[in-house]
$ cat coords.txt   # compact mmCIF, C-alpha atoms
# COMPACT_ATOMS: atom_id res chain seq x y z
CA MET A 724 20.67 29.16 -2.76
CA SER A 725 20.35 30.81 0.62
CA SER A 726 16.69 29.84 0.89
CA LEU A 727 17.73 26.19 1.11
CA LEU A 728 19.00 26.81 4.62
CA THR A 729 15.67 27.99 6.01
CA ALA A 730 13.23 25.61 7.67
CA GLU A 731 10.94 25.63 4.63
CA GLY A 732 13.81 24.92 2.25
CA LEU A 733 15.06 21.96 4.27
CA GLY A 734 11.51 20.68 4.64
CA GLY A 735 11.04 20.90 0.88
CA LEU A 736 14.29 19.01 0.26
CA LEU A 737 13.22 16.31 2.72
CA PHE A 738 9.88 16.10 0.93
CA LEU A 739 11.61 15.52 -2.42
CA PHE A 740 13.76 12.83 -0.79
CA ILE A 741 10.64 11.13 0.62
CA ILE A 742 9.00 11.14 -2.82
CA ALA A 743 12.14 9.56 -4.27
CA VAL A 744 12.15 6.87 -1.54
CA THR A 745 8.48 6.09 -2.14
CA LEU A 746 8.78 5.72 -5.90
CA ALA A 747 12.07 3.82 -5.76
CA GLY A 748 10.58 1.42 -3.22
CA GLY A 749 7.53 0.90 -5.42
CA LEU A 750 9.71 0.19 -8.46
CA LEU A 751 11.81 -2.24 -6.44
CA ALA A 752 8.70 -3.98 -5.11
CA THR A 753 7.21 -4.56 -8.55
CA ASN A 754 10.29 -5.18 -10.69
CA SER A 755 12.74 -7.24 -8.66
CA VAL A 756 12.83 -10.94 -9.43
CA ARG A 757 13.69 -12.19 -5.97
CA LEU A 758 10.84 -11.93 -3.51
CA PRO A 759 12.83 -10.91 -0.39
CA ARG A 760 14.09 -7.94 -2.38
CA ALA A 761 10.53 -7.12 -3.39
CA VAL A 762 9.43 -7.16 0.26
CA SER A 763 12.29 -4.81 1.13
CA GLY A 764 11.12 -2.54 -1.66
CA LEU A 765 7.60 -2.64 -0.26
CA ALA A 766 8.87 -1.73 3.22
CA MET A 767 10.89 1.17 1.74
CA CYS A 768 7.86 2.39 -0.21
CA LEU A 769 5.62 2.24 2.87
CA ILE A 770 8.15 4.15 4.97
CA GLY A 771 8.07 6.80 2.24
CA VAL A 772 4.27 6.85 2.36
CA ALA A 773 4.50 7.31 6.15
CA GLY A 774 6.71 10.34 5.50
CA LEU A 775 4.08 11.71 3.12
CA TYR A 776 1.44 11.23 5.84
CA TYR A 777 3.66 13.26 8.15
CA TYR A 778 3.67 16.07 5.60
CA LEU A 779 -0.13 15.78 5.44
CA ASN A 780 -0.35 16.93 9.08
CA SER A 781 -1.01 13.54 10.66
CA PRO A 782 1.97 12.12 12.56
CA PHE A 783 -0.39 9.59 14.18
CA LEU A 784 -1.18 7.98 10.83
CA ALA A 785 2.53 8.02 9.94
CA ALA A 786 3.31 6.07 13.10
CA MET A 787 0.44 3.65 12.44
CA GLU A 788 1.63 3.13 8.85
CA ILE A 789 5.09 2.12 10.02
CA LEU A 790 3.71 0.02 12.88
CA ILE A 791 1.05 -1.88 10.91
CA TYR A 792 2.47 -2.08 7.40
CA VAL A 793 6.23 -2.21 7.90
CA GLY A 794 6.10 -3.85 11.30
CA ALA A 795 3.31 -6.37 10.78
CA VAL A 796 2.41 -6.91 7.12
CA CYS A 797 5.96 -6.93 5.72
CA VAL A 798 7.19 -9.21 8.49
CA THR A 799 4.27 -11.60 7.87
CA ILE A 800 5.12 -11.67 4.16
CA VAL A 801 8.74 -12.47 5.05
CA PHE A 802 7.51 -15.37 7.20
CA ALA A 803 5.38 -16.66 4.31
CA ILE A 804 8.39 -16.46 1.97
CA MET A 805 10.42 -18.47 4.47
CA LEU A 806 7.66 -21.09 4.75
CA ALA A 807 6.78 -21.35 1.07
CA ASP A 808 10.30 -20.99 -0.36
CA PRO A 809 9.46 -19.61 -3.78
CA CYS A 810 12.18 -19.87 -6.40
CA ASP A 811 11.27 -17.24 -8.94
CA GLU A 812 14.52 -17.04 -10.85
CA GLN A 813 15.03 -20.68 -11.73
CA ARG A 814 12.75 -20.76 -14.75
CA PRO A 815 14.31 -19.82 -18.05
CA GLY A 816 12.34 -17.77 -20.55
CA ARG A 817 9.41 -17.18 -18.24
CA GLN A 818 9.23 -13.44 -18.72
CA ASN A 819 6.97 -12.99 -21.69
CA ALA A 820 7.99 -9.72 -23.32
CA LEU A 821 4.57 -9.13 -24.85
CA SER A 822 2.63 -9.56 -21.61
CA SER A 823 5.14 -7.39 -19.78
CA ALA A 824 4.78 -4.62 -22.36
CA LEU A 825 1.00 -4.95 -22.31
CA SER A 826 0.79 -4.66 -18.54
CA PHE A 827 3.14 -1.68 -18.64
CA GLY A 828 0.87 -0.11 -21.26
CA VAL A 829 -2.28 -0.67 -19.20
CA ALA A 830 -0.69 0.72 -16.05
CA GLY A 831 0.78 3.67 -17.95
CA LEU A 832 -2.60 4.49 -19.48
CA LEU A 833 -4.20 4.37 -16.03
CA VAL A 834 -1.54 6.65 -14.53
CA TRP A 835 -1.81 9.06 -17.45
CA GLY A 836 -5.58 9.31 -17.02
CA LEU A 837 -5.39 9.77 -13.26
CA VAL A 838 -2.65 12.41 -13.48
CA LEU A 839 -4.57 14.28 -16.18
CA LEU A 840 -7.70 14.17 -14.03
CA ALA A 841 -5.82 15.31 -10.92
CA THR A 842 -4.06 18.24 -12.58
CA THR A 843 -6.86 19.60 -14.74
CA THR A 844 -9.70 19.50 -12.23
CA MET A 845 -10.40 22.60 -10.19
CA TRP A 846 -10.65 21.22 -6.66
CA PRO A 847 -12.92 23.40 -4.52
CA ALA A 848 -11.53 23.72 -1.02
CA ALA A 849 -13.83 23.72 1.95
CA ALA A 850 -14.59 27.19 3.25
CA THR A 851 -14.06 26.38 6.91
CA LYS A 852 -12.43 23.58 8.83
CA VAL A 853 -14.46 22.38 11.78
CA ASN A 854 -11.38 21.13 13.66
CA GLU A 855 -7.64 20.76 13.20
CA GLY A 856 -7.57 16.97 12.82
CA SER A 857 -5.42 16.27 15.86
CA VAL A 858 -5.02 12.90 17.58
CA LYS A 859 -7.46 13.96 20.29
CA VAL A 860 -10.19 14.71 17.76
CA ILE A 861 -9.50 11.43 15.94
CA GLY A 862 -9.86 9.47 19.17
CA GLU A 863 -13.08 11.25 20.10
CA SER A 864 -14.70 10.70 16.71
CA LEU A 865 -13.58 7.04 16.67
CA LEU A 866 -15.53 6.48 19.86
CA THR A 867 -18.56 8.62 18.96
CA THR A 868 -19.27 9.06 15.23
CA TYR A 869 -17.45 6.00 13.99
CA SER A 870 -17.97 3.69 16.96
CA MET A 871 -20.04 1.18 14.95
CA VAL A 872 -17.32 0.88 12.27
CA PHE A 873 -14.72 0.61 15.01
CA GLU A 874 -16.52 -2.36 16.57
CA LEU A 875 -17.15 -3.97 13.18
CA ILE A 876 -13.50 -3.80 12.19
CA SER A 877 -12.50 -5.52 15.40
CA VAL A 878 -14.92 -8.34 14.52
CA VAL A 879 -13.38 -8.48 11.02
CA LEU A 880 -9.89 -8.74 12.51
CA LEU A 881 -11.01 -11.50 14.86
CA MET A 882 -12.54 -13.42 11.94
CA ALA A 883 -9.32 -12.93 9.97
CA ILE A 884 -7.23 -14.35 12.80
CA ILE A 885 -9.48 -17.38 13.23
CA GLY A 886 -9.75 -17.89 9.48
CA ALA A 887 -5.99 -17.65 8.98
CA LEU A 888 -5.39 -20.20 11.73
CA ALA A 889 -8.01 -22.59 10.33
CA LEU A 890 -6.74 -22.24 6.74
CA ALA A 891 -3.10 -22.74 7.64
CA ARG A 892 -3.97 -25.79 9.74
CA VAL A 893 -5.81 -27.68 6.98
CA GLY A 894 -3.74 -30.57 5.66
CA ARG A 895 -1.23 -30.49 8.44
CA ASP A 896 -2.44 -33.70 10.05
CA LYS A 897 -1.84 -35.71 6.91
CA GLN A 898 1.92 -35.28 6.89
CA MET B 214 11.96 27.87 -5.39
CA ARG B 215 8.57 26.47 -6.34
CA ILE B 216 9.86 22.91 -6.22
CA LEU B 217 10.56 23.18 -2.50
CA SER B 218 6.93 23.97 -1.68
CA LEU B 219 5.51 20.92 -3.44
CA GLY B 220 4.34 19.49 -0.12
CA ASN B 221 1.65 22.15 0.16
CA SER B 222 -0.28 21.37 -3.00
CA LEU B 223 -2.93 18.72 -3.44
CA GLU B 224 -1.82 17.79 -6.95
CA THR B 225 1.58 16.51 -5.77
CA TYR B 226 -0.02 13.93 -3.53
CA LEU B 227 -2.56 12.94 -6.17
CA VAL B 228 0.20 12.36 -8.73
CA ILE B 229 2.25 10.27 -6.28
CA ALA B 230 -0.86 8.25 -5.40
CA ALA B 231 -1.58 7.71 -9.11
CA LEU B 232 1.99 6.50 -9.64
CA LEU B 233 1.71 4.08 -6.70
CA PHE B 234 -1.60 2.82 -8.04
CA GLY B 235 -0.10 2.34 -11.50
CA LEU B 236 2.86 0.45 -10.07
CA GLY B 237 0.42 -1.79 -8.22
CA VAL B 238 -1.59 -2.52 -11.37
CA TYR B 239 1.61 -3.21 -13.31
CA GLY B 240 2.78 -5.61 -10.62
CA LEU B 241 -0.59 -7.37 -10.46
CA LEU B 242 -0.55 -7.98 -14.21
CA ASN B 243 3.13 -8.84 -14.50
CA ARG B 244 3.94 -10.88 -11.38
CA ARG B 245 3.99 -14.67 -11.51
CA THR B 246 4.01 -15.64 -7.84
CA LEU B 247 1.17 -15.27 -5.36
CA ILE B 248 3.31 -13.35 -2.86
CA GLY B 249 4.32 -10.94 -5.62
CA LEU B 250 0.65 -10.35 -6.34
CA LEU B 251 0.00 -9.68 -2.65
CA ILE B 252 2.84 -7.12 -2.55
CA SER B 253 1.35 -5.34 -5.57
CA ALA B 254 -2.07 -5.31 -3.91
CA GLU B 255 -0.53 -3.59 -0.89
CA LEU B 256 0.86 -0.92 -3.23
CA LEU B 257 -2.63 -0.40 -4.70
CA LEU B 258 -4.11 0.02 -1.22
CA SER B 259 -1.47 2.51 -0.14
CA GLY B 260 -2.07 4.56 -3.29
CA ALA B 261 -5.78 4.68 -2.48
CA SER B 262 -5.20 5.66 1.15
CA LEU B 263 -2.78 8.39 0.11
CA ASN B 264 -5.60 9.84 -2.00
CA PHE B 265 -7.97 9.75 0.97
CA MET B 266 -5.39 11.45 3.18
CA ALA B 267 -4.69 14.19 0.63
CA PHE B 268 -8.37 14.97 0.07
CA GLY B 269 -9.03 14.91 3.80
CA ARG B 270 -6.15 17.32 4.45
CA PHE B 271 -6.82 19.84 1.69
CA LEU B 272 -10.50 19.72 0.75
CA ALA B 273 -12.69 18.17 3.43
CA PRO B 274 -14.26 20.44 6.05
CA ASP B 275 -13.54 17.78 8.69
CA PRO B 276 -9.87 16.69 8.44
CA THR B 277 -10.41 13.64 10.65
CA THR B 278 -12.55 11.84 8.06
CA GLY B 279 -9.69 11.01 5.72
CA GLN B 280 -7.43 9.92 8.55
CA ILE B 281 -10.05 7.60 10.03
CA PHE B 282 -10.83 6.11 6.63
CA THR B 283 -7.11 5.45 6.09
CA LEU B 284 -6.93 3.84 9.53
CA PHE B 285 -9.75 1.48 8.55
CA ILE B 286 -8.06 0.71 5.23
CA MET B 287 -4.95 -0.27 7.21
CA GLY B 288 -7.00 -2.61 9.40
CA ILE B 289 -8.67 -4.23 6.40
CA ALA B 290 -5.29 -4.55 4.64
CA ALA B 291 -3.80 -6.31 7.66
CA ALA B 292 -6.72 -8.76 7.77
CA GLU B 293 -6.45 -9.30 4.01
CA ALA B 294 -2.71 -9.97 4.23
CA ALA B 295 -3.19 -12.51 7.03
CA ILE B 296 -5.91 -14.40 5.13
CA ALA B 297 -4.05 -14.25 1.79
CA LEU B 298 -0.80 -15.50 3.32
CA SER B 299 -2.50 -18.42 5.04
CA ILE B 300 -4.18 -19.32 1.72
CA ILE B 301 -0.75 -19.12 0.06
CA ILE B 302 0.69 -21.47 2.71
CA ALA B 303 -2.22 -23.90 2.17
CA VAL B 304 -1.73 -23.76 -1.61
CA TYR B 305 1.99 -24.36 -1.21
CA ARG B 306 1.31 -27.35 0.98
CA ASN B 307 -0.93 -28.93 -1.67
CA TYR B 308 0.92 -27.98 -4.85
CA LYS B 309 4.52 -27.52 -3.63
CA SER B 310 4.60 -24.23 -5.55
CA ILE B 311 3.18 -20.72 -5.35
CA ASP B 312 3.80 -19.97 -9.01
CA THR B 313 0.59 -19.01 -10.80
CA GLU B 314 1.51 -21.12 -13.83
CA ASP B 315 1.62 -24.25 -11.68
CA LEU B 316 -1.84 -23.56 -10.30
CA GLU B 317 -3.79 -23.78 -13.55
CA GLU B 318 -5.93 -26.48 -12.00
CA LEU B 319 -7.45 -23.81 -9.76
CA GLN B 320 -8.72 -21.55 -12.51
CA GLY B 321 -12.14 -23.18 -12.51
$ encode --input "coords.txt" --output "structure tokens"
Amino acid sequence: MSSLLTAEGLGGLLFLFIIAVTLAGGLLATNSVRLPRAVSGLAMCLIGVAGLYYYLNSPFLAAMEILIYVGAVCVTIVFAIMLADPCDEQRPGRQNALSSALSFGVAGLLVWGLVLLATTTMWPAAATKVNEGSVKVIGESLLTTYSMVFELISVVLLMAIIGALALARVGRDKQ
Amino acid sequence: MRILSLGNSLETYLVIAALLFGLGVYGLLNRRTLIGLLISAELLLSGASLNFMAFGRFLAPDPTTGQIFTLFIMGIAAAEAAIALSIIIAVYRNYKSIDTEDLEELQG
């Protein structure tokens, strides 16, 4: 086991650990009854996905994943749980075994098909890479090739903010 | 020591993304509260963006394409979460519940 102590070996071990974190977080997010626990599972899963992005040669996207998903989306969901106070566990006999098994079957079938497709296809790699995909190149192409999309997504975010404020305000005057 | 070099093959990422996607579908079908459904939708989106990242890293001639697409998916997901959560708050204010079984009136 001497190869474990090289840089590649330790990197491989860390990669396995990140996969385990991702899948365990996903299982926790979908299977736990209490919603705060599910949000913690989601945060754990997204941190794992950020680690996978790091292994895919893009530390910028890993940082953005943690900043946007874990830092913003998960915290917003926690706020909504605090405001809406859902009590999931107080209903007896609500878990229908048949529907649970059916949804597991559907999801399992989907995963089986996707995994089969991913492992049996011969993926042709591109002959040459035009750049190395660094943060500098990302920034340049965001402001040249993708500048229209960049502007549009800022409009979408503005609409989302205004819409969220308007929706959450409706009905507040009555009480 | 093949298992330690898993991070360098495309199939690993595709399988993980498929598992995340499957977990999201399972949660969407099985969950009974609106916030649980939103959490599962986030899992679906992250599975899809992991696929984009893997293809952009291993197959695409321009590696920035996948990263920029994933960045846009993140922006859309943040907007979607904000809108969905404010709808959930509005629903809770009217029905005093975010359980899907209590909202049968809304099924049209």
$ interface_residues --input "coords.txt" --of "chain B" --to "chain A" --cutoff "6 Å" --atoms "only C-alpha atoms" --output "list in words"
Leu217, Ser218, Val228, Ala231, Gly235, Val238, Tyr239, Gly240, Leu242, Asn243, Leu272, Ala273, Pro274, Asp275, Pro276, Thr277, Ala292, Ile296, Ser299 and Ala303 of chain B
$ write_last_selection --input "coords.txt" --atoms "C-alpha atoms" --output "PDB file, keeping the file's coordinate frame"
ATOM      1  CA  LEU B 217      10.560  23.180  -2.500  1.00  0.00           C
ATOM      2  CA  SER B 218       6.930  23.970  -1.680  1.00  0.00           C
ATOM      3  CA  VAL B 228       0.200  12.360  -8.730  1.00  0.00           C
ATOM      4  CA  ALA B 231      -1.580   7.710  -9.110  1.00  0.00           C
ATOM      5  CA  GLY B 235      -0.100   2.340 -11.500  1.00  0.00           C
ATOM      6  CA  VAL B 238      -1.590  -2.520 -11.370  1.00  0.00           C
ATOM      7  CA  TYR B 239       1.610  -3.210 -13.310  1.00  0.00           C
ATOM      8  CA  GLY B 240       2.780  -5.610 -10.620  1.00  0.00           C
ATOM      9  CA  LEU B 242      -0.550  -7.980 -14.210  1.00  0.00           C
ATOM     10  CA  ASN B 243       3.130  -8.840 -14.500  1.00  0.00           C
ATOM     11  CA  LEU B 272     -10.500  19.720   0.750  1.00  0.00           C
ATOM     12  CA  ALA B 273     -12.690  18.170   3.430  1.00  0.00           C
ATOM     13  CA  PRO B 274     -14.260  20.440   6.050  1.00  0.00           C
ATOM     14  CA  ASP B 275     -13.540  17.780   8.690  1.00  0.00           C
ATOM     15  CA  PRO B 276      -9.870  16.690   8.440  1.00  0.00           C
ATOM     16  CA  THR B 277     -10.410  13.640  10.650  1.00  0.00           C
ATOM     17  CA  ALA B 292      -6.720  -8.760   7.770  1.00  0.00           C
ATOM     18  CA  ILE B 296      -5.910 -14.400   5.130  1.00  0.00           C
ATOM     19  CA  SER B 299      -2.500 -18.420   5.040  1.00  0.00           C
ATOM     20  CA  ALA B 303      -2.220 -23.900   2.170  1.00  0.00           C
TER      21      ALA B 303
END
$ atom_distance --input "coords.txt" --atom1 "atom CA of Phe234 of chain B" --atom2 "atom CA of Gly260 of chain B"
5.1 Å
$ atom_distance --input "coords.txt" --atom1 "atom CA of Leu263 of chain B" --atom2 "atom CA of Arg244 of chain B"
23.4 Å
$ build_atoms --input "coords.txt" --residues "segment 831-842 of chain A" --atoms "all heavy atoms" --output "tab-separated table (two decimals), keeping the file's coordinate frame"
chain	number	residue	atom	x	y	z
A	831	GLY	N	0.43	2.31	-17.53
A	831	GLY	CA	0.78	3.67	-17.95
A	831	GLY	C	-0.43	4.48	-18.36
A	831	GLY	O	-0.54	5.66	-18.03
A	832	LEU	N	-1.36	3.81	-19.07
A	832	LEU	CA	-2.60	4.49	-19.48
A	832	LEU	C	-3.39	4.95	-18.27
A	832	LEU	O	-3.90	6.08	-18.21
A	832	LEU	CB	-3.42	3.52	-20.32
A	832	LEU	CG	-4.32	4.10	-21.39
A	832	LEU	CD1	-3.48	4.79	-22.44
A	832	LEU	CD2	-5.15	3.00	-22.01
A	833	LEU	N	-3.46	4.06	-17.26
A	833	LEU	CA	-4.20	4.37	-16.03
A	833	LEU	C	-3.57	5.57	-15.32
A	833	LEU	O	-4.26	6.50	-14.91
A	833	LEU	CB	-4.16	3.14	-15.14
A	833	LEU	CG	-5.28	2.97	-14.14
A	833	LEU	CD1	-6.59	2.85	-14.88
A	833	LEU	CD2	-5.04	1.72	-13.33
A	834	VAL	N	-2.23	5.55	-15.21
A	834	VAL	CA	-1.54	6.65	-14.53
A	834	VAL	C	-1.74	7.95	-15.29
A	834	VAL	O	-2.01	9.00	-14.70
A	834	VAL	CB	-0.04	6.33	-14.38
A	834	VAL	CG1	0.72	7.55	-13.89
A	834	VAL	CG2	0.16	5.20	-13.42
A	835	TRP	N	-1.64	7.86	-16.63
A	835	TRP	CA	-1.81	9.06	-17.45
A	835	TRP	C	-3.20	9.66	-17.22
A	835	TRP	O	-3.35	10.87	-17.00
A	835	TRP	CB	-1.60	8.70	-18.91
A	835	TRP	CG	-1.80	9.84	-19.85
A	835	TRP	CD1	-0.97	10.89	-20.03
A	835	TRP	CD2	-2.92	10.03	-20.72
A	835	TRP	NE1	-1.50	11.74	-20.98
A	835	TRP	CE2	-2.69	11.24	-21.41
A	835	TRP	CE3	-4.07	9.30	-20.98
A	835	TRP	CZ2	-3.59	11.72	-22.34
A	835	TRP	CZ3	-4.97	9.78	-21.91
A	835	TRP	CH2	-4.73	10.99	-22.58
A	836	GLY	N	-4.23	8.81	-17.23
A	836	GLY	CA	-5.58	9.31	-17.02
A	836	GLY	C	-5.75	9.93	-15.65
A	836	GLY	O	-6.32	11.02	-15.51
A	837	LEU	N	-5.22	9.26	-14.63
A	837	LEU	CA	-5.39	9.77	-13.26
A	837	LEU	C	-4.66	11.09	-13.07
A	837	LEU	O	-5.18	12.01	-12.45
A	837	LEU	CB	-4.87	8.73	-12.26
A	837	LEU	CG	-5.80	7.55	-11.98
A	837	LEU	CD1	-5.10	6.54	-11.10
A	837	LEU	CD2	-7.05	8.02	-11.31
A	838	VAL	N	-3.43	11.17	-13.64
A	838	VAL	CA	-2.65	12.41	-13.48
A	838	VAL	C	-3.33	13.55	-14.21
A	838	VAL	O	-3.44	14.68	-13.70
A	838	VAL	CB	-1.21	12.19	-13.98
A	838	VAL	CG1	-0.49	13.51	-14.12
A	838	VAL	CG2	-0.46	11.30	-13.02
A	839	LEU	N	-3.85	13.25	-15.42
A	839	LEU	CA	-4.57	14.28	-16.18
A	839	LEU	C	-5.77	14.79	-15.40
A	839	LEU	O	-6.01	15.99	-15.28
A	839	LEU	CB	-5.01	13.68	-17.51
A	839	LEU	CG	-5.27	14.66	-18.64
A	839	LEU	CD1	-3.97	15.32	-19.03
A	839	LEU	CD2	-5.88	13.95	-19.82
A	840	LEU	N	-6.52	13.82	-14.81
A	840	LEU	CA	-7.70	14.17	-14.03
A	840	LEU	C	-7.31	15.01	-12.82
A	840	LEU	O	-7.97	16.00	-12.48
A	840	LEU	CB	-8.38	12.88	-13.59
A	840	LEU	CG	-9.86	12.92	-13.30
A	840	LEU	CD1	-10.59	13.30	-14.57
A	840	LEU	CD2	-10.32	11.57	-12.81
A	841	ALA	N	-6.20	14.62	-12.16
A	841	ALA	CA	-5.82	15.31	-10.92
A	841	ALA	C	-5.33	16.72	-11.21
A	841	ALA	O	-5.56	17.64	-10.41
A	841	ALA	CB	-4.72	14.52	-10.20
A	842	THR	N	-4.65	16.92	-12.36
A	842	THR	CA	-4.06	18.24	-12.58
A	842	THR	C	-5.00	19.19	-13.29
A	842	THR	O	-4.84	20.41	-13.16
A	842	THR	CB	-2.77	18.10	-13.41
A	842	THR	OG1	-3.02	17.25	-14.52
A	842	THR	CG2	-1.65	17.54	-12.58
